Amino acid sequence: MTIGFLLCAAGTTTALVMVFGKSGNFTSVSSNSTVSNTTTTGTISSTATTVTTTTSTATVTMSTTTLTATTTTSTSSTGQTTTTTTTTTTTKPFCTTRITFDDIAGQTATSGIVPNGYNNLNWTNVMYLNSSTVPLSGYPIAQSSPSYVAYNPEGAFVRIQSANGTSFSFDQVKISAGWRLNLEWWIYAYRFGVNKISGSFLINTVNSTTISCGSCTNLDMLIFTASGGTPVDGLAQNGTEFAFDDLCISFPY
């Protein structure tokens, strides 16, 4: 098991990278960041590189994997063996499915349940919310496009699962705490019930955090949870709910 930490501070900038498991890395970028951090991890057989470009609210991540195939040919007349090595490079697409929660069939003007099958995924403990209806919260901070975000009602765990078993990559998500400062947010990534990667990040109500992963591939389920934190004075509630928007995944990677 490999555990990596990267903690940088410059003014108001804080970035944290946590890696658990055999491969993969997460990069968190606060919405008011001025410094971009890049983490590269790999194995002897393949290299996954994450390159992060930061704007005021988002990151862009690409992942490139180099695959090497070796062909061996024997010549009986001389007894010599000729080995030919061919190397090809492929680039994994980034965010082929961007989930904004703004286009749900039958969507109400306020809130409702995210239905199974939305964007070929099944959703547990996920509701959509018009963030303008709760201005005294951190929900509007996570909003990327008008006017909806997703959230976990009553602080429940969130489960997002492939609707038909097709694998996907987790590329990116934008999050914020609903009511608490330094809410500890966790992401777990699974394939066939086996936890492949996990990481935790501290989030708050005054700025959003974008979580990116350049090598979180071959997944069929994501779990989001949150706990801890300190209630913020002046907000309407004090639970462990969090908001998320612009969930980016790519099928069938």
# chains A, B, ... in the order shown; residues from 1 in each chain; ligands from 1
$ residues_around --residues "Pro153 (chain A)" --least-positions-apart "4" --cutoff "12 Å" --atoms "only C-alpha atoms" --output "JSON, numbers by chain"
{"A": [111, 112, 113, 114, 124, 125, 126, 127, 128, 129, 157, 158, 178, 225, 226, 239, 240, 241, 242, 243]}
$ write_last_selection --atoms "C-alpha atoms" --output "short mmCIF file (atom, residue, chain, number, x, y, z; two decimals), in the first residue's frame"
data_model
loop_
_atom_site.label_atom_id
_atom_site.label_comp_id
_atom_site.auth_asym_id
_atom_site.auth_seq_id
_atom_site.Cartn_x
_atom_site.Cartn_y
_atom_site.Cartn_z
CA SER A 111 -35.39 19.90 -5.17
CA GLY A 112 -35.98 16.22 -5.80
CA ILE A 113 -34.45 12.75 -5.99
CA VAL A 114 -31.81 12.06 -8.64
CA THR A 124 -28.36 6.25 -3.71
CA ASN A 125 -28.94 9.05 -1.17
CA VAL A 126 -28.54 11.77 -3.81
CA MET A 127 -30.94 14.67 -4.29
CA TYR A 128 -30.75 17.64 -6.62
CA LEU A 129 -31.26 21.14 -5.26
CA PHE A 157 -23.44 8.46 2.39
CA VAL A 158 -23.66 8.82 -1.40
CA GLY A 178 -23.20 22.77 3.21
CA THR A 225 -19.09 10.37 2.80
CA ALA A 226 -18.50 13.26 5.18
CA GLY A 239 -25.40 19.11 9.48
CA THR A 240 -22.78 17.18 7.53
CA GLU A 241 -24.40 17.63 4.13
CA PHE A 242 -22.19 18.58 1.19
CA ALA A 243 -22.90 19.79 -2.33
#
$ residues_around --residues "region 218-220 of chain A" --least-positions-apart "4" --cutoff "9 Å" --atoms "only C-alpha atoms" --output "list in words"
Ile160, Gln161, Ser162, Ala163, Gly165, Thr166, Ser167, Phe168, Ser169, Phe170, Ala189, Tyr190, Arg191, Phe192, Gly193, Lys196, Pro252 and Tyr253 of chain A
$ write_last_selection --atoms "C-alpha atoms" --output "PDB file, in the first residue's frame"
ATOM      1  CA  ILE A 160     -23.002   6.243  -7.474  1.00  0.00           C
ATOM      2  CA  GLN A 161     -22.951   2.995  -9.439  1.00  0.00           C
ATOM      3  CA  SER A 162     -22.771   1.983 -13.090  1.00  0.00           C
ATOM      4  CA  ALA A 163     -26.324   1.163 -14.185  1.00  0.00           C
ATOM      5  CA  GLY A 165     -21.915  -2.757 -15.041  1.00  0.00           C
ATOM      6  CA  THR A 166     -19.876  -0.857 -17.628  1.00  0.00           C
ATOM      7  CA  SER A 167     -16.606   0.391 -16.172  1.00  0.00           C
ATOM      8  CA  PHE A 168     -15.796   4.093 -16.008  1.00  0.00           C
ATOM      9  CA  SER A 169     -13.032   6.411 -14.884  1.00  0.00           C
ATOM     10  CA  PHE A 170     -13.514   9.027 -12.202  1.00  0.00           C
ATOM     11  CA  ALA A 189     -13.647   3.990  -5.683  1.00  0.00           C
ATOM     12  CA  TYR A 190     -14.620   0.341  -6.309  1.00  0.00           C
ATOM     13  CA  ARG A 191     -14.596  -2.334  -8.991  1.00  0.00           C
ATOM     14  CA  PHE A 192     -16.537  -5.582  -8.445  1.00  0.00           C
ATOM     15  CA  GLY A 193     -16.869  -4.728  -4.743  1.00  0.00           C
ATOM     16  CA  LYS A 196      -9.265   0.298  -5.334  1.00  0.00           C
ATOM     17  CA  PRO A 252     -15.885   2.728 -20.653  1.00  0.00           C
ATOM     18  CA  TYR A 253     -12.446   3.321 -19.095  1.00  0.00           C
TER      19      TYR A 253
END
$ closest_residue --among "A:Thr210, A:Asn116, A:Thr230, A:Ser215" --to "Val29 (chain A)" --atoms "only C-alpha atoms"
A:Thr210
$ atom_distance --atom1 "CA of Phe26 (chain A)" --atom2 "CA of Cys95 (chain A)"
15.3 Å
$ select_by_dssp --residues "region 93-154 of chain A" --states "helix (DSSP H, G or I)" --output "list in words"
Tyr118, Asn119, Asn120, Ser131, Ser132, Thr133, Tyr139, Pro140, Ile141, Ala142, Pro153 and Glu154 of chain A
$ decode --residues "region 197-247 of chain A" --atoms "N, CA and C atoms" --output "CSV table (one decimal), in the first residue's frame"
chain,number,residue,atom,x,y,z
A,197,ILE,N,-9.2,2.6,-4.6
A,197,ILE,CA,-8.6,3.9,-4.3
A,197,ILE,C,-9.5,4.6,-3.3
A,198,SER,N,-8.9,5.4,-2.4
A,198,SER,CA,-9.7,6.2,-1.5
A,198,SER,C,-8.8,7.4,-1.1
A,199,GLY,N,-9.5,8.5,-0.6
A,199,GLY,CA,-8.8,9.7,-0.2
A,199,GLY,C,-9.7,10.6,0.6
A,200,SER,N,-9.2,11.5,1.4
A,200,SER,CA,-10.0,12.4,2.2
A,200,SER,C,-9.5,13.8,2.0
A,201,PHE,N,-10.4,14.8,2.2
A,201,PHE,CA,-10.1,16.2,2.0
A,201,PHE,C,-11.0,17.0,2.9
A,202,LEU,N,-10.4,18.1,3.4
A,202,LEU,CA,-11.2,19.0,4.2
A,202,LEU,C,-11.8,20.1,3.3
A,203,ILE,N,-13.1,20.3,3.5
A,203,ILE,CA,-13.9,21.2,2.6
A,203,ILE,C,-14.6,22.2,3.5
A,204,ASN,N,-15.1,23.3,2.9
A,204,ASN,CA,-15.8,24.3,3.8
A,204,ASN,C,-16.9,25.0,3.0
A,205,THR,N,-17.5,26.0,3.6
A,205,THR,CA,-18.7,26.6,3.0
A,205,THR,C,-18.4,27.9,2.2
A,206,VAL,N,-17.1,28.4,2.3
A,206,VAL,CA,-16.8,29.7,1.7
A,206,VAL,C,-16.1,29.6,0.3
A,207,ASN,N,-15.5,28.4,0.0
A,207,ASN,CA,-14.9,28.2,-1.3
A,207,ASN,C,-15.0,26.7,-1.7
A,208,SER,N,-15.1,26.5,-3.0
A,208,SER,CA,-15.3,25.2,-3.5
A,208,SER,C,-13.9,24.5,-3.6
A,209,THR,N,-14.0,23.1,-3.7
A,209,THR,CA,-12.8,22.3,-3.9
A,209,THR,C,-13.0,21.4,-5.1
A,210,THR,N,-12.1,21.4,-6.0
A,210,THR,CA,-12.2,20.5,-7.2
A,210,THR,C,-11.2,19.3,-7.0
A,211,ILE,N,-11.8,18.1,-7.0
A,211,ILE,CA,-11.0,16.9,-6.8
A,211,ILE,C,-10.8,16.3,-8.2
A,212,SER,N,-9.6,16.0,-8.6
A,212,SER,CA,-9.3,15.4,-9.9
A,212,SER,C,-8.4,14.2,-9.7
A,213,CYS,N,-8.6,13.2,-10.6
A,213,CYS,CA,-7.8,12.0,-10.6
A,213,CYS,C,-7.5,11.7,-12.1
A,214,GLY,N,-6.2,11.5,-12.4
A,214,GLY,CA,-5.8,11.2,-13.7
A,214,GLY,C,-5.6,9.7,-14.0
A,215,SER,N,-5.7,8.9,-13.0
A,215,SER,CA,-5.5,7.4,-13.2
A,215,SER,C,-6.5,6.6,-12.4
A,216,CYS,N,-7.7,7.1,-12.1
A,216,CYS,CA,-8.8,6.4,-11.4
A,216,CYS,C,-9.7,5.7,-12.4
A,217,THR,N,-9.2,4.6,-13.0
A,217,THR,CA,-9.9,4.0,-14.1
A,217,THR,C,-10.4,2.6,-13.7
A,218,ASN,N,-11.2,2.0,-14.6
A,218,ASN,CA,-11.7,0.6,-14.4
A,218,ASN,C,-12.5,0.5,-13.1
A,219,LEU,N,-13.5,1.4,-12.9
A,219,LEU,CA,-14.3,1.5,-11.7
A,219,LEU,C,-15.8,1.2,-12.1
A,220,ASP,N,-16.6,0.8,-11.1
A,220,ASP,CA,-18.0,0.7,-11.3
A,220,ASP,C,-18.9,1.3,-10.2
A,221,MET,N,-18.2,1.8,-9.2
A,221,MET,CA,-18.9,2.4,-8.1
A,221,MET,C,-18.1,3.5,-7.4
A,222,LEU,N,-18.7,4.6,-7.0
A,222,LEU,CA,-18.1,5.6,-6.1
A,222,LEU,C,-18.9,5.8,-4.9
A,223,ILE,N,-18.2,6.0,-3.7
A,223,ILE,CA,-18.9,6.3,-2.5
A,223,ILE,C,-18.3,7.6,-2.0
A,224,PHE,N,-19.2,8.6,-1.6
A,224,PHE,CA,-18.8,9.8,-1.0
A,224,PHE,C,-19.4,9.8,0.4
A,225,THR,N,-18.6,10.2,1.4
A,225,THR,CA,-19.1,10.4,2.8
A,225,THR,C,-18.5,11.6,3.4
A,226,ALA,N,-19.0,12.1,4.5
A,226,ALA,CA,-18.5,13.3,5.2
A,226,ALA,C,-18.8,13.2,6.7
A,227,SER,N,-17.9,13.7,7.5
A,227,SER,CA,-18.1,13.8,8.9
A,227,SER,C,-17.2,14.9,9.5
A,228,GLY,N,-17.5,15.1,10.8
A,228,GLY,CA,-16.7,16.1,11.5
A,228,GLY,C,-17.0,17.6,11.1
A,229,GLY,N,-16.0,18.4,11.3
A,229,GLY,CA,-16.2,19.8,11.0
A,229,GLY,C,-16.9,20.6,12.1
A,230,THR,N,-16.9,21.9,11.9
A,230,THR,CA,-17.4,22.8,12.9
A,230,THR,C,-18.5,23.7,12.3
A,231,PRO,N,-19.7,23.7,13.0
A,231,PRO,CA,-20.8,24.5,12.4
A,231,PRO,C,-20.5,25.9,12.3
A,232,VAL,N,-20.9,26.6,11.2
A,232,VAL,CA,-20.7,28.0,11.0
A,232,VAL,C,-21.8,28.8,11.5
A,233,ASP,N,-21.5,29.8,12.3
A,233,ASP,CA,-22.5,30.7,12.8
A,233,ASP,C,-23.2,31.5,11.6
A,234,GLY,N,-24.5,31.6,11.7
A,234,GLY,CA,-25.2,32.4,10.8
A,234,GLY,C,-25.8,31.6,9.6
A,235,LEU,N,-25.5,30.4,9.5
A,235,LEU,CA,-26.1,29.5,8.5
A,235,LEU,C,-27.4,28.9,8.9
A,236,ALA,N,-28.2,28.5,8.0
A,236,ALA,CA,-29.5,28.0,8.3
A,236,ALA,C,-29.5,26.7,9.1
A,237,GLN,N,-28.5,25.8,8.8
A,237,GLN,CA,-28.5,24.5,9.5
A,237,GLN,C,-27.0,24.2,9.9
A,238,ASN,N,-26.8,23.0,10.4
A,238,ASN,CA,-25.4,22.7,10.9
A,238,ASN,C,-25.0,21.2,10.7
A,239,GLY,N,-25.7,20.5,9.7
A,239,GLY,CA,-25.4,19.1,9.5
A,239,GLY,C,-24.2,18.9,8.6
A,240,THR,N,-24.0,17.6,8.3
A,240,THR,CA,-22.8,17.2,7.5
A,240,THR,C,-23.1,17.0,6.0
A,241,GLU,N,-24.1,17.7,5.6
A,241,GLU,CA,-24.4,17.6,4.1
A,241,GLU,C,-23.3,18.3,3.3
A,242,PHE,N,-23.1,17.9,2.1
A,242,PHE,CA,-22.2,18.6,1.2
A,242,PHE,C,-22.8,18.7,-0.2
A,243,ALA,N,-22.4,19.6,-1.0
A,243,ALA,CA,-22.9,19.8,-2.3
A,243,ALA,C,-21.8,19.4,-3.3
A,244,PHE,N,-22.2,18.8,-4.5
A,244,PHE,CA,-21.3,18.5,-5.5
A,244,PHE,C,-21.9,18.8,-6.9
A,245,ASP,N,-21.1,19.2,-7.8
A,245,ASP,CA,-21.5,19.5,-9.2
A,245,ASP,C,-20.4,19.2,-10.2
A,246,ASP,N,-20.7,19.2,-11.4
A,246,ASP,CA,-19.7,18.9,-12.5
A,246,ASP,C,-19.0,17.6,-12.2
A,247,LEU,N,-19.7,16.6,-11.9
A,247,LEU,CA,-19.1,15.2,-11.7
A,247,LEU,C,-18.7,14.7,-13.1
